[in-house]
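Visitor: Provided herewith: data.cif, mmCIF, C-alpha atoms and all ligand atoms.
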```cif
data_entry
#
loop_
_atom_site.label_atom_id
_atom_site.label_comp_id
_atom_site.auth_asym_id
_atom_site.auth_seq_id
_atom_site.Cartn_x
_atom_site.Cartn_y
_atom_site.Cartn_z
CA MET H 25 0.00 0.00 0.00
CA GLU H 26 1.36 3.39 -1.04
CA VAL H 27 1.47 5.74 1.91
CA GLU H 28 0.53 8.58 -0.50
CA SER H 29 -2.84 6.96 -1.09
CA LEU H 30 -3.90 7.57 2.49
CA ALA H 31 -5.07 11.16 2.02
CA THR H 32 -8.71 10.47 2.93
CA GLU H 33 -7.70 8.36 5.91
CA MET H 34 -5.39 11.09 7.22
CA GLU H 35 -7.88 13.88 6.59
CA THR H 36 -10.67 11.97 8.32
CA ALA H 37 -8.50 10.91 11.26
CA VAL H 38 -7.25 14.45 11.92
CA ARG H 39 -10.72 15.97 11.67
CA VAL H 40 -12.37 13.39 13.91
CA VAL H 41 -9.65 13.82 16.55
CA HIS H 42 -10.39 17.57 16.53
CA LEU H 43 -14.09 16.82 17.01
CA ALA H 44 -13.40 14.22 19.71
CA SER H 45 -11.06 16.63 21.50
CA SER H 46 -13.84 19.22 21.60
CA LEU H 47 -16.07 16.64 23.33
CA CYS H 48 -13.32 15.96 25.88
CA VAL H 49 -12.85 19.65 26.65
CA LYS H 50 -16.57 19.96 27.46
CA VAL H 51 -16.67 16.81 29.58
CA GLN H 52 -13.53 17.80 31.49
CA GLU H 53 -15.11 21.18 32.25
CA LYS H 54 -18.24 19.42 33.55
CA LEU H 55 -16.17 17.11 35.74
CA ARG H 56 -14.91 20.15 37.58
CA LEU H 57 -18.47 21.10 38.58
CA PRO H 58 -20.10 19.72 41.75
CA SER H 59 -21.37 16.19 40.94
CA SER H 60 -25.07 17.15 41.25
CA THR H 61 -24.69 19.63 38.39
CA ASN H 62 -22.19 17.88 36.15
CA GLY H 63 -24.76 16.22 33.92
CA GLY H 64 -23.75 12.63 34.59
CA GLY H 65 -20.09 13.42 34.09
CA ASP H 66 -19.10 11.26 37.03
CA VAL H 67 -16.09 8.99 36.98
CA LYS H 68 -16.64 5.23 37.00
CA SER H 69 -14.15 2.53 37.91
CA LYS H 70 -13.25 -0.31 35.58
CA ASP H 71 -12.51 -3.85 36.77
CA ASP H 72 -8.81 -2.95 37.11
CA ASP H 73 -9.82 0.11 39.20
CA SER H 74 -8.74 2.53 36.48
CA PRO H 75 -11.18 5.38 35.83
CA VAL H 76 -13.51 5.68 32.84
CA THR H 77 -15.75 8.63 31.99
CA VAL H 78 -18.40 9.83 29.59
CA ALA H 79 -15.53 11.13 27.43
CA ASP H 80 -13.92 7.67 26.97
CA TRP H 81 -17.16 6.17 25.64
CA GLY H 82 -18.21 9.35 23.86
CA VAL H 83 -14.97 9.66 21.89
CA GLN H 84 -15.00 5.97 20.98
CA ALA H 85 -18.60 6.31 19.72
CA ILE H 86 -17.81 9.39 17.63
CA VAL H 87 -14.64 8.04 16.06
CA SER H 88 -16.27 4.70 15.29
CA TRP H 89 -19.39 6.34 13.84
CA VAL H 90 -17.41 8.73 11.63
CA LEU H 91 -15.01 6.03 10.37
CA ALA H 92 -17.99 3.81 9.50
CA GLU H 93 -19.70 6.69 7.66
CA VAL H 94 -16.59 7.55 5.64
CA PHE H 95 -15.14 4.09 5.01
CA GLY H 96 -18.21 1.85 5.44
CA SER H 97 -18.73 -0.49 8.38
CA HIS H 98 -18.12 -3.60 6.30
CA ASN H 99 -14.56 -4.85 6.96
CA LEU H 100 -13.88 -1.89 9.26
CA SER H 101 -11.48 -3.05 11.96
CA ILE H 102 -11.11 -0.84 15.02
CA ILE H 103 -9.07 -1.83 18.08
CA ALA H 104 -9.99 0.41 20.99
CA GLU H 105 -9.83 0.53 24.74
CA GLU H 106 -13.47 0.65 25.85
CA ASP H 107 -16.30 -1.88 25.67
CA THR H 108 -20.03 -1.57 26.31
CA GLU H 109 -20.29 -3.90 29.27
CA SER H 110 -20.80 -1.43 32.07
CA LEU H 111 -22.84 0.90 29.82
CA THR H 112 -25.48 -1.77 29.20
CA LYS H 113 -26.14 -2.60 32.85
CA SER H 114 -29.58 -1.62 34.06
CA GLU H 115 -28.13 0.82 36.60
CA SER H 116 -26.27 2.64 33.82
CA VAL H 117 -29.27 4.35 32.23
CA ILE H 118 -28.22 7.81 33.40
CA LEU H 119 -24.63 7.22 32.34
CA LEU H 120 -25.68 6.03 28.88
CA GLY H 121 -27.91 9.10 28.63
CA ALA H 122 -24.94 11.33 29.45
CA VAL H 123 -22.79 9.58 26.81
CA SER H 124 -25.63 9.98 24.32
CA ASN H 125 -25.95 13.70 25.05
CA ALA H 126 -22.21 14.29 24.73
CA VAL H 127 -22.01 12.33 21.46
CA ASN H 128 -24.99 14.05 19.87
CA GLU H 129 -23.86 17.48 21.01
CA ALA H 130 -20.46 16.87 19.41
CA LEU H 131 -21.83 15.29 16.23
CA SER H 132 -24.19 18.24 15.73
CA GLU H 133 -21.01 20.27 15.09
CA ALA H 134 -19.40 17.67 12.79
CA HIS H 135 -19.95 19.81 9.68
CA LYS H 136 -17.71 22.51 11.19
CA TYR H 137 -14.91 19.96 10.98
CA GLY H 138 -15.81 18.88 7.43
CA LEU H 139 -17.20 15.57 8.70
CA PRO H 140 -20.53 13.87 8.04
CA LYS H 141 -23.21 14.34 10.66
CA PRO H 142 -26.23 12.15 11.33
CA ASP H 143 -29.66 13.19 9.92
CA LYS H 144 -31.12 12.90 13.39
CA PRO H 145 -29.56 12.42 16.83
CA LEU H 146 -28.14 8.95 17.38
CA GLY H 147 -30.16 6.70 19.69
CA SER H 148 -28.65 4.67 22.51
CA ASP H 149 -28.60 1.57 20.31
CA ASP H 150 -26.63 3.38 17.58
CA ILE H 151 -24.16 4.58 20.17
CA LEU H 152 -23.71 1.16 21.77
CA LYS H 153 -23.28 -0.33 18.31
CA ALA H 154 -20.59 2.20 17.44
CA ILE H 155 -18.71 1.59 20.71
CA GLY H 156 -19.11 -2.19 20.50
CA ARG H 157 -17.81 -2.30 16.92
CA CYS H 158 -14.33 -1.38 18.16
CA ASN H 159 -13.64 -4.89 19.43
CA SER H 160 -11.13 -5.98 16.80
CA THR H 161 -8.03 -7.73 18.08
CA GLY H 162 -5.86 -6.70 15.12
CA GLY H 163 -2.99 -8.90 14.03
CA PRO H 164 -0.22 -9.13 11.44
CA LYS H 165 -2.33 -8.70 8.32
CA GLY H 166 -4.77 -6.12 7.07
CA ARG H 167 -5.77 -2.63 8.02
CA HIS H 168 -6.68 -1.79 11.60
CA TRP H 169 -7.59 1.52 13.20
CA VAL H 170 -6.23 1.80 16.75
CA LEU H 171 -7.89 4.14 19.22
CA ASP H 172 -7.28 5.20 22.78
CA PRO H 173 -10.31 7.48 23.23
CA VAL H 174 -8.89 9.14 26.35
CA ASP H 175 -5.32 8.18 27.09
CA GLY H 176 -4.30 9.15 30.59
CA THR H 177 -7.82 9.07 32.01
CA LEU H 178 -6.35 9.77 35.44
CA GLY H 179 -4.88 13.02 34.13
CA PHE H 180 -8.21 13.78 32.47
CA VAL H 181 -10.23 13.42 35.68
CA ARG H 182 -7.64 15.45 37.58
CA GLY H 183 -7.98 18.35 35.14
CA ASP H 184 -4.48 17.63 33.83
CA GLN H 185 -2.92 16.34 30.58
CA TYR H 186 -4.51 13.59 28.48
CA ALA H 187 -4.65 12.66 24.81
CA VAL H 188 -7.03 11.35 22.17
CA ALA H 189 -4.95 8.90 20.12
CA LEU H 190 -5.87 7.46 16.74
CA ALA H 191 -3.58 5.47 14.44
CA LEU H 192 -3.87 3.33 11.37
CA ILE H 193 -1.91 0.10 11.19
CA GLU H 194 -1.52 -1.90 8.02
CA ASP H 195 0.20 -5.27 7.92
CA GLY H 196 1.69 -4.58 11.32
CA LYS H 197 3.14 -1.15 10.44
CA VAL H 198 1.81 2.11 11.86
CA LEU H 199 1.08 4.26 8.80
CA LEU H 200 -0.73 7.21 10.35
CA GLY H 201 -0.87 8.71 13.81
CA VAL H 202 -2.98 11.52 15.24
CA LEU H 203 -2.78 12.85 18.80
CA GLY H 204 -5.27 15.31 20.22
CA CYS H 205 -3.74 17.07 23.25
CA PRO H 206 -6.41 19.50 24.48
CA ASN H 207 -4.40 20.81 27.45
CA TYR H 208 -1.00 21.02 25.77
CA PRO H 209 0.58 24.48 26.15
CA VAL H 210 1.39 25.77 22.67
CA LYS H 211 3.23 28.94 21.76
CA LYS H 212 0.90 31.08 19.67
CA GLU H 213 2.98 32.89 17.14
CA GLY H 214 6.43 32.95 15.56
CA LEU H 215 6.54 29.21 15.61
CA SER H 216 8.78 28.02 12.83
CA ASN H 217 10.57 25.28 14.66
CA GLY H 218 8.18 23.19 16.69
CA CYS H 219 6.21 24.33 19.71
CA ASN H 220 9.03 25.42 21.97
CA GLN H 221 7.94 28.21 24.20
CA THR H 222 10.05 31.31 24.56
CA GLU H 223 9.82 33.88 27.27
CA SER H 224 8.32 36.43 24.90
CA GLY H 225 5.81 34.12 23.20
CA SER H 226 2.22 33.98 24.38
CA VAL H 227 0.91 30.52 25.09
CA SER H 228 -2.45 29.00 24.23
CA LYS H 229 -3.83 25.60 25.10
CA GLY H 230 -4.59 22.60 22.96
CA CYS H 231 -3.35 21.08 19.73
CA VAL H 232 -3.66 18.14 17.38
CA MET H 233 -0.44 16.54 16.07
CA TYR H 234 -0.27 14.12 13.17
CA ALA H 235 2.15 12.34 10.88
CA LYS H 236 2.19 9.93 7.97
CA ARG H 237 4.80 7.16 7.92
CA GLY H 238 7.66 7.92 5.52
CA SER H 239 6.67 11.54 4.93
CA GLY H 240 9.50 12.90 7.08
CA GLN H 241 7.03 15.44 8.42
CA ALA H 242 4.98 15.77 11.57
CA TRP H 243 2.42 18.55 11.92
CA MET H 244 0.63 20.44 14.62
CA GLN H 245 -2.62 22.34 14.46
CA PRO H 246 -4.13 24.50 17.19
CA LEU H 247 -7.34 23.25 18.75
CA HIS H 248 -10.18 25.70 18.06
CA PRO H 249 -13.46 25.51 19.95
CA GLY H 250 -15.30 26.70 16.83
CA GLY H 251 -14.20 24.12 14.26
CA TYR H 252 -11.40 22.93 12.02
CA PRO H 253 -8.35 25.27 11.96
CA GLU H 254 -6.89 26.72 8.76
CA SER H 255 -3.26 26.42 9.79
CA ALA H 256 -0.75 23.69 10.53
CA ARG H 257 2.89 23.93 11.58
CA LEU H 258 5.74 21.55 11.00
CA LEU H 259 7.20 19.95 14.10
CA THR H 260 10.87 19.25 14.65
CA ALA H 261 12.22 17.17 17.49
CA SER H 262 15.12 18.60 19.47
CA THR H 263 18.67 18.16 18.22
CA VAL H 264 20.09 18.26 21.76
CA ASP H 265 22.14 15.10 22.10
CA ASP H 266 23.96 15.83 25.35
CA PRO H 267 22.07 14.23 28.28
CA VAL H 268 23.32 17.04 30.51
CA LEU H 269 21.06 19.43 28.58
CA ALA H 270 18.16 17.03 28.03
CA THR H 271 14.69 17.08 29.51
CA VAL H 272 13.49 13.61 30.48
CA CYS H 273 9.80 12.79 30.88
CA GLU H 274 8.05 9.81 32.42
CA PRO H 275 4.58 8.74 33.63
CA VAL H 276 3.17 10.52 36.67
CA GLU H 277 2.00 7.31 38.31
CA ARG H 278 4.59 5.34 40.21
CA ALA H 279 2.60 2.19 39.46
CA ASN H 280 3.07 2.68 35.72
CA SER H 281 6.83 3.15 35.58
CA ASN H 282 9.82 2.62 37.83
CA HIS H 283 10.69 6.17 38.87
CA LEU H 284 13.69 5.02 40.90
CA PHE H 285 15.31 3.30 37.95
CA THR H 286 14.71 6.28 35.67
CA ALA H 287 16.14 8.64 38.28
CA GLY H 288 19.26 6.48 38.68
CA LEU H 289 19.69 6.30 34.92
CA ALA H 290 19.27 10.04 34.48
CA ASN H 291 21.73 10.66 37.30
CA SER H 292 24.30 8.29 35.79
CA MET H 293 24.12 10.26 32.54
CA GLY H 294 24.52 13.64 34.22
CA VAL H 295 21.01 14.85 33.40
CA ARG H 296 20.55 18.15 35.23
CA LYS H 297 17.02 19.22 34.41
CA GLN H 298 14.15 18.08 36.58
CA THR H 299 12.26 15.08 35.22
CA MET H 300 8.89 16.07 33.73
CA ARG H 301 6.11 13.81 34.97
CA VAL H 302 3.27 13.92 32.46
CA TYR H 303 0.14 11.85 31.97
CA SER H 304 -0.54 10.01 28.73
CA MET H 305 0.90 10.09 25.22
CA VAL H 306 1.41 13.82 25.69
CA LYS H 307 4.96 12.65 26.51
CA TYR H 308 5.39 11.59 22.87
CA ALA H 309 3.91 14.95 21.84
CA ALA H 310 6.50 16.76 23.97
CA ILE H 311 9.33 14.90 22.20
CA ALA H 312 7.87 15.51 18.73
CA CYS H 313 7.63 19.25 19.21
CA GLY H 314 10.96 19.80 20.94
CA ASP H 315 9.74 20.40 24.50
CA ALA H 316 11.53 17.30 25.81
CA GLU H 317 14.31 15.02 24.59
CA VAL H 318 13.67 11.69 26.31
CA PHE H 319 10.61 9.69 27.35
CA MET H 320 11.25 6.53 29.34
CA LYS H 321 8.75 4.05 30.70
CA PHE H 322 9.68 0.94 32.68
CA ALA H 323 6.47 -0.82 33.70
CA GLN H 324 6.41 -3.81 36.01
CA SER H 325 7.45 -6.97 34.19
CA SER H 326 3.95 -8.44 34.61
CA TYR H 327 2.39 -5.53 32.70
CA LYS H 328 1.83 -5.87 28.95
CA GLU H 329 1.80 -2.62 26.99
CA LYS H 330 -1.19 -2.10 24.68
CA ILE H 331 -0.75 -0.89 21.14
CA TRP H 332 -3.25 1.96 21.54
CA ASP H 333 -1.02 3.55 24.19
CA HIS H 334 1.86 3.97 21.72
CA ALA H 335 0.94 3.64 18.03
CA ALA H 336 0.02 7.27 17.29
CA GLY H 337 2.82 8.72 19.41
CA VAL H 338 5.52 6.53 17.88
CA VAL H 339 4.88 7.51 14.26
CA ILE H 340 4.61 11.21 15.17
CA VAL H 341 7.91 11.17 17.07
CA GLU H 342 9.68 9.22 14.32
CA GLU H 343 8.50 11.50 11.53
CA ALA H 344 9.52 14.54 13.60
CA GLY H 345 13.06 13.12 13.65
CA GLY H 346 12.98 11.07 16.84
CA VAL H 347 13.62 7.40 17.58
CA VAL H 348 11.43 4.99 19.58
CA THR H 349 12.43 1.47 20.62
CA ASP H 350 12.23 -0.88 23.54
CA ALA H 351 15.03 -0.88 26.09
CA GLY H 352 16.96 -3.37 23.97
CA GLY H 353 16.96 -0.96 21.02
CA ARG H 354 14.38 -2.89 18.98
CA LYS H 355 11.45 -1.25 17.17
CA LEU H 356 8.07 -1.77 18.83
CA ASP H 357 6.10 -4.59 17.21
CA PHE H 358 2.54 -3.56 16.30
CA SER H 359 1.81 -6.76 14.39
CA LYS H 360 0.86 -9.10 17.23
CA GLY H 361 -2.64 -7.90 18.11
CA VAL H 362 -3.65 -5.82 21.09
CA TYR H 363 -0.34 -6.07 22.97
CA LEU H 364 3.23 -5.01 22.21
CA GLU H 365 4.47 -8.59 22.45
CA GLY H 366 8.15 -9.26 23.07
CA LEU H 367 8.86 -5.82 24.50
CA ASP H 368 12.28 -5.77 26.11
CA ARG H 369 11.91 -4.15 29.58
CA GLY H 370 10.60 -0.73 28.65
CA ILE H 371 10.07 2.04 26.12
CA ILE H 372 12.71 4.61 25.18
CA ALA H 373 11.67 7.52 22.95
CA CYS H 374 14.32 10.12 22.12
CA SER H 375 14.38 13.22 19.97
CA ASN H 376 17.37 12.01 17.92
CA GLN H 377 19.46 8.94 17.20
CA VAL H 378 22.65 10.10 18.94
CA LEU H 379 20.86 10.69 22.23
CA HIS H 380 18.94 7.43 21.82
CA ASP H 381 22.16 5.44 21.44
CA LYS H 382 23.50 7.03 24.62
CA ILE H 383 20.34 6.24 26.60
CA ILE H 384 20.24 2.63 25.43
CA GLY H 385 23.89 2.26 26.45
CA ALA H 386 23.11 3.68 29.87
CA VAL H 387 20.14 1.32 30.30
CA TYR H 388 22.45 -1.65 29.69
CA ALA H 389 24.96 -0.30 32.18
CA SER H 390 22.33 0.45 34.86
CA TRP H 391 20.19 -2.65 34.47
CA GLU H 392 22.48 -5.14 36.15
CA SER H 393 22.98 -2.96 39.19
CA SER H 394 19.27 -2.14 39.57
CA SER H 395 16.82 -4.15 41.63
CA LEU H 396 14.11 -4.20 38.94
N1 LIG X 401 0.38 -1.02 35.79
C1 LIG X 401 0.62 -0.33 34.69
N2 LIG X 401 1.86 -0.22 34.22
C2 LIG X 401 2.11 0.50 33.13
N3 LIG X 401 1.17 1.15 32.41
C3 LIG X 401 -0.08 1.06 32.82
C4 LIG X 401 -0.43 0.33 33.97
N4 LIG X 401 -1.76 0.42 34.14
C5 LIG X 401 -2.23 1.17 33.12
N5 LIG X 401 -1.23 1.58 32.30
C6 LIG X 401 -1.31 2.36 31.09
O1 LIG X 401 -0.74 3.63 31.26
C7 LIG X 401 -1.56 4.57 30.59
C8 LIG X 401 -1.39 5.93 31.15
O2 LIG X 401 -0.12 6.31 30.78
P1 LIG X 401 0.74 7.21 31.71
O3 LIG X 401 0.98 6.46 32.98
O4 LIG X 401 1.99 7.37 30.90
O5 LIG X 401 0.00 8.48 31.92
C9 LIG X 401 -2.94 4.05 30.80
O6 LIG X 401 -3.74 4.54 29.77
P2 LIG X 401 -5.29 4.94 30.03
O7 LIG X 401 -5.28 6.10 30.96
O8 LIG X 401 -5.76 5.25 28.67
O9 LIG X 401 -5.90 3.71 30.62
C10 LIG X 401 -2.75 2.56 30.72
O10 LIG X 401 -2.93 2.07 29.43
MG MG X 402 -4.17 4.68 27.42
#
```
Spit out the file's structure as structure tokens when you get a sec.
Guide:
Amino acid sequence: MEVESLATEMETAVRVVHLASSLCVKVQEKLRLPSSTNGGGDVKSKDDDSPVTVADWGVQAIVSWVLAEVFGSHNLSIIAEEDTESLTKSESVILLGAVSNAVNEALSEAHKYGLPKPDKPLGSDDILKAIGRCNSTGGPKGRHWVLDPVDGTLGFVRGDQYAVALALIEDGKVLLGVLGCPNYPVKKEGLSNGCNQTESGSVSKGCVMYAKRGSGQAWMQPLHPGGYPESARLLTASTVDDPVLATVCEPVERANSNHLFTAGLANSMGVRKQTMRVYSMVKYAAIACGDAEVFMKFAQSSYKEKIWDHAAGVVIVEEAGGVVTDAGGRKLDFSKGVYLEGLDRGIIACSNQVLHDKIIGAVYASWESSSL
């Protein structure tokens, strides 16, 4: 498949991530209201105790509905994080109503993003069908959309960073990636070289980043409440290759990555800047636009990374000039279904190859002496 032939896929993916991000912004605002007035925007717990909200289901419904409208539902394969189980329980009527309202409110604006909109509001059955359709398990062959409707749900419910992440995988390769980062601080003007902030530049909030495999380009658009933006800027990852000058980022949650190991590693390399703890794939976004140089994640060995937590971010970082591998220096394998099978210890994303080589070397040196 020629990557150039993916114009409609890219266009649709970018536009629907803008629309989905606008839904998230509204739901996150509601979550900050007292629970009696937040319109059913409460936070639920999944079986693994991680949070899930109206936004997770709402985004999944919207993306699934739009992709089915544009590409047809026949043979449409979507691998996504949420399922309908808790939404279909009898006690979930209010929750399903809140998802329905959020989805229909967002879809009523779809034309502002150049996307199809339904003739009449979607019913609960349509919404459950759209969410439930995203149950593909992927694999080595064929075309699969990969969606994390709200990555970093903990950040989302805390009013912090989160991302809407959509990617397209074909025959195990990530061809397209789109990241909606509604709370990302973006410098407003004079931005010719990524989204680095300067002291003089004014900063606005929210962007969508995207890249097509092999294009050598990653792009960023501002997030506009009123519709699809006219402009896009090229992103360039940082050329800093001296760890002493590098900014390292890692997950906020101690449970998701070994902070002690990362701190020891950074220390051994002479890193001086304070580690940035950031929720979600926004860490990949920070590397792609030059705000950070290194993202490291060392989960517990029993944890298996899911493809939707990485696919979009990896292609965006790579096309912006960065390098992403496991801790053994091997490319992440998106061909094995829902999980990143065979991952060696952790994930290392760097803004350039020279820095990446240094970090991988330091991981080897530190590993033996660590108690991981
Ligand atoms: N025990 C664990 N170890 C590592 N990652 C985990 C984890 N439990 C959940 N995660 C993943 O870490 C993601 C959040 O990333 P981060 O910690 O970098 O902010 C979660 O995404 P969701 O919030 O979409 O569930 C989830 O997929
Ligand atoms: Mg996630």
Visitor: Produce as a list of chain:residue names the set of residues near ligand MG 402 (chain X), where near means within 9 Å with all atoms listed in the file considered.
Guide: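 With all atoms listed in the file and a cut-off of 9 Å, ligand MG 402 (chain X) is contacted by H:Glu105, H:Asp172, H:Pro173, H:Val174, H:Asp175, H:Gly176, H:Thr177, H:Tyr186, H:Ala187, H:Val188, H:Ala189, H:Ser304, H:Met305, H:Lys330, H:Trp332, H:Asp333, H:His334.
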Visitor: Hey, which of H:Val276, H:Met244, H:Ala256, H:Ala270 ends up closest to ligand LIG 401 (chain X)? Count only C-alpha atoms and all ligand atoms.
Guide: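 Going through H:Val276, H:Met244, H:Ala256, H:Ala270 one by one, the smallest distance to ligand LIG 401 (chain X) is for H:Val276.
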Visitor: Just checking: using only C-alpha atoms, which residue out of H:Phe358, H:Tyr388, H:Tyr327, H:Tyr208 ends up closest to Lys165 (chain H)?
Guide: H:Phe358
Visitor: What is the CA of Ser262 (chain H) to CA of Cys374 (chain H) distance in Å?
Guide: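 Interatomic distance, CA of Ser262 (chain H) to CA of Cys374 (chain H): 8.9 Å.
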Visitor: Near region 237-243 of chain H, counting all atoms listed in the file, which residues have an atom at most 9 Å away, once you skip same-chain residues fewer than 3 positions from it, shown as a CSV table (one decimal) with C-alpha atoms, in the coordinates of the input?
Guide:
```
chain,number,residue,atom,x,y,z
H,27,VAL,CA,1.5,5.7,1.9
H,28,GLU,CA,0.5,8.6,-0.5
H,197,LYS,CA,3.1,-1.2,10.4
H,198,VAL,CA,1.8,2.1,11.9
H,199,LEU,CA,1.1,4.3,8.8
H,200,LEU,CA,-0.7,7.2,10.4
H,201,GLY,CA,-0.9,8.7,13.8
H,218,GLY,CA,8.2,23.2,16.7
H,232,VAL,CA,-3.7,18.1,17.4
H,233,MET,CA,-0.4,16.5,16.1
H,234,TYR,CA,-0.3,14.1,13.2
H,256,ALA,CA,-0.8,23.7,10.5
H,257,ARG,CA,2.9,23.9,11.6
H,258,LEU,CA,5.7,21.6,11.0
H,259,LEU,CA,7.2,20.0,14.1
H,260,THR,CA,10.9,19.2,14.6
H,312,ALA,CA,7.9,15.5,18.7
H,313,CYS,CA,7.6,19.2,19.2
H,339,VAL,CA,4.9,7.5,14.3
H,340,ILE,CA,4.6,11.2,15.2
H,341,VAL,CA,7.9,11.2,17.1
H,342,GLU,CA,9.7,9.2,14.3
H,343,GLU,CA,8.5,11.5,11.5
H,344,ALA,CA,9.5,14.5,13.6
H,345,GLY,CA,13.1,13.1,13.6
```
Visitor: For a quick check of understanding, using only C-alpha atoms and all ligand atoms, which of H:Ala373, H:Val347, H:Val76, H:Ile86 has the smallest distance to ligand LIG 401 (chain X)?
Guide: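 The closest residue to ligand LIG 401 (chain X) is H:Val76.
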Visitor: Within 12 Å of Trp391 (chain H), counting only C-alpha atoms, which residues show up once you throw out same-chain ones fewer than 2 positions away? Write them as JSON, numbers by chain, please.
Guide: {"H": [284, 285, 286, 288, 289, 292, 322, 351, 352, 368, 369, 370, 383, 384, 385, 386, 387, 388, 389, 393, 394, 395, 396]}
Visitor: Grab all the atoms of region 164-183 of chain H that the file lists, wrap them in a box along x, y and z, add 3 Å per side, and give me centre plus edge lengths in Å (one decimal) as AutoDock Vina command-line options.
Guide:
```
--center_x -5.3 --center_y 4.6 --center_z 22.3 --size_x 16.1 --size_y 33.5 --size_z 36.5
```
Visitor: Do a neighbour search on Gln84 (chain H) at 8 Å with only C-alpha atoms, toss out local chain neighbours closer than 5 positions, and write the hits as a list in words.
Guide: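 Everything that qualifies: Ala104, Glu106, Ala154, Ile155, Cys158, Leu171, Asp172 and Pro173 of chain H.
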Visitor: Please tell me which residues are no farther than 6 Å from (-7.0, -7.6, 16.8) in the file, counting only C-alpha atoms, and write them as an NGL selection string.
Guide: :H and (160-163 or 361-362)
Visitor: Measuring between all atoms listed in the file, which one of H:Gly179, H:Gly138, H:Gly366, H:Gly147 shows the shortest distance to ligand LIG 401 (chain X)?
Guide: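 With all atoms listed in the file as the atom set, the closest residue is H:Gly179.
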Visitor: Would you mind telling me which residue in H:Val210, H:Leu100, H:Ala287, H:Leu131 lies nearest to Met300 (chain H) when using all atoms listed in the file?
Guide: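 Of H:Val210, H:Leu100, H:Ala287, H:Leu131, the one nearest Met300 (chain H), counting all atoms listed in the file, is H:Ala287.
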Visitor: I'd like the interatomic distance between atom O10 of ligand LIG 401 (chain X) and CA of Trp89 (chain H), to a tenth of an Å.
Guide: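 These two atoms are separated by 23.1 Å.
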Visitor: Within 8 Å of (-13.6, 20.6, 14.1), only C-alpha atoms: residues as number ranges by chain?
Guide: H: 39-40, 42-43, 46, 133-138, 248-253
Visitor: Work out how far apart CA of Asp184 (chain H) and atom N4 of ligand LIG 401 (chain X) are and give it in Å to one decimal.
Guide: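 That distance, rounded to one decimal, is 17.4 Å.
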Visitor: With a distance cut-off of 10 Å and only C-alpha atoms, select the neighbouring residues of Ala310 (chain H), excluding the residue or stretch itself and same-chain residues fewer than 2 positions from it, and output the selection as number ranges by chain.
Guide: H: 208-209, 218-220, 261-262, 271, 273, 302, 305-308, 312-319, 337, 341, 375
Visitor: Within 6 Å of Pro164 (chain H), counting all atoms listed in the file, which residues qualify if same-chain residues fewer than 2 places away don't, as an MDAnalysis selection string?
Guide: chainID H and resid 195:196 359:360
Visitor: Could you check the closest approach to ligand LIG 401 (chain X) for each of H:Ala79, H:Leu379, H:Ile151, H:Leu146 and tell me which residue wins, using all atoms listed in the file?
Guide: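 Checking each candidate against ligand LIG 401 (chain X), we get H:Ala79 as the closest.
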Visitor: For region 296-306 of chain H, supply N, CA and C atoms and report the output as a PDB file, keeping the file's coordinate frame.
Guide:
```
ATOM      1  N   ARG H 296      20.652  17.117  34.184  1.00  0.00           N
ATOM      2  CA  ARG H 296      20.550  18.150  35.230  1.00  0.00           C
ATOM      3  C   ARG H 296      19.128  18.642  35.423  1.00  0.00           C
ATOM      4  N   LYS H 297      18.357  18.628  34.306  1.00  0.00           N
ATOM      5  CA  LYS H 297      17.020  19.220  34.410  1.00  0.00           C
ATOM      6  C   LYS H 297      16.085  18.270  35.171  1.00  0.00           C
ATOM      7  N   GLN H 298      15.099  18.879  35.819  1.00  0.00           N
ATOM      8  CA  GLN H 298      14.150  18.080  36.580  1.00  0.00           C
ATOM      9  C   GLN H 298      13.305  17.219  35.647  1.00  0.00           C
ATOM     10  N   THR H 299      13.087  15.977  36.037  1.00  0.00           N
ATOM     11  CA  THR H 299      12.260  15.080  35.220  1.00  0.00           C
ATOM     12  C   THR H 299      10.836  15.610  35.144  1.00  0.00           C
ATOM     13  N   MET H 300      10.274  15.609  33.928  1.00  0.00           N
ATOM     14  CA  MET H 300       8.890  16.070  33.730  1.00  0.00           C
ATOM     15  C   MET H 300       7.961  14.874  33.861  1.00  0.00           C
ATOM     16  N   ARG H 301       7.075  14.898  34.823  1.00  0.00           N
ATOM     17  CA  ARG H 301       6.110  13.810  34.970  1.00  0.00           C
ATOM     18  C   ARG H 301       4.808  14.255  34.313  1.00  0.00           C
ATOM     19  N   VAL H 302       4.411  13.510  33.291  1.00  0.00           N
ATOM     20  CA  VAL H 302       3.270  13.920  32.460  1.00  0.00           C
ATOM     21  C   VAL H 302       2.382  12.714  32.213  1.00  0.00           C
ATOM     22  N   TYR H 303       1.082  12.921  32.281  1.00  0.00           N
ATOM     23  CA  TYR H 303       0.140  11.850  31.970  1.00  0.00           C
ATOM     24  C   TYR H 303       0.073  11.608  30.456  1.00  0.00           C
ATOM     25  N   SER H 304      -0.088  10.371  30.079  1.00  0.00           N
ATOM     26  CA  SER H 304      -0.540  10.010  28.730  1.00  0.00           C
ATOM     27  C   SER H 304       0.512  10.145  27.627  1.00  0.00           C
ATOM     28  N   MET H 305       0.034   9.973  26.396  1.00  0.00           N
ATOM     29  CA  MET H 305       0.900  10.090  25.220  1.00  0.00           C
ATOM     30  C   MET H 305       1.333  11.528  24.950  1.00  0.00           C
ATOM     31  N   VAL H 306       0.897  12.441  25.776  1.00  0.00           N
ATOM     32  CA  VAL H 306       1.410  13.820  25.690  1.00  0.00           C
ATOM     33  C   VAL H 306       2.945  13.808  25.812  1.00  0.00           C
TER      34      VAL H 306
END
```
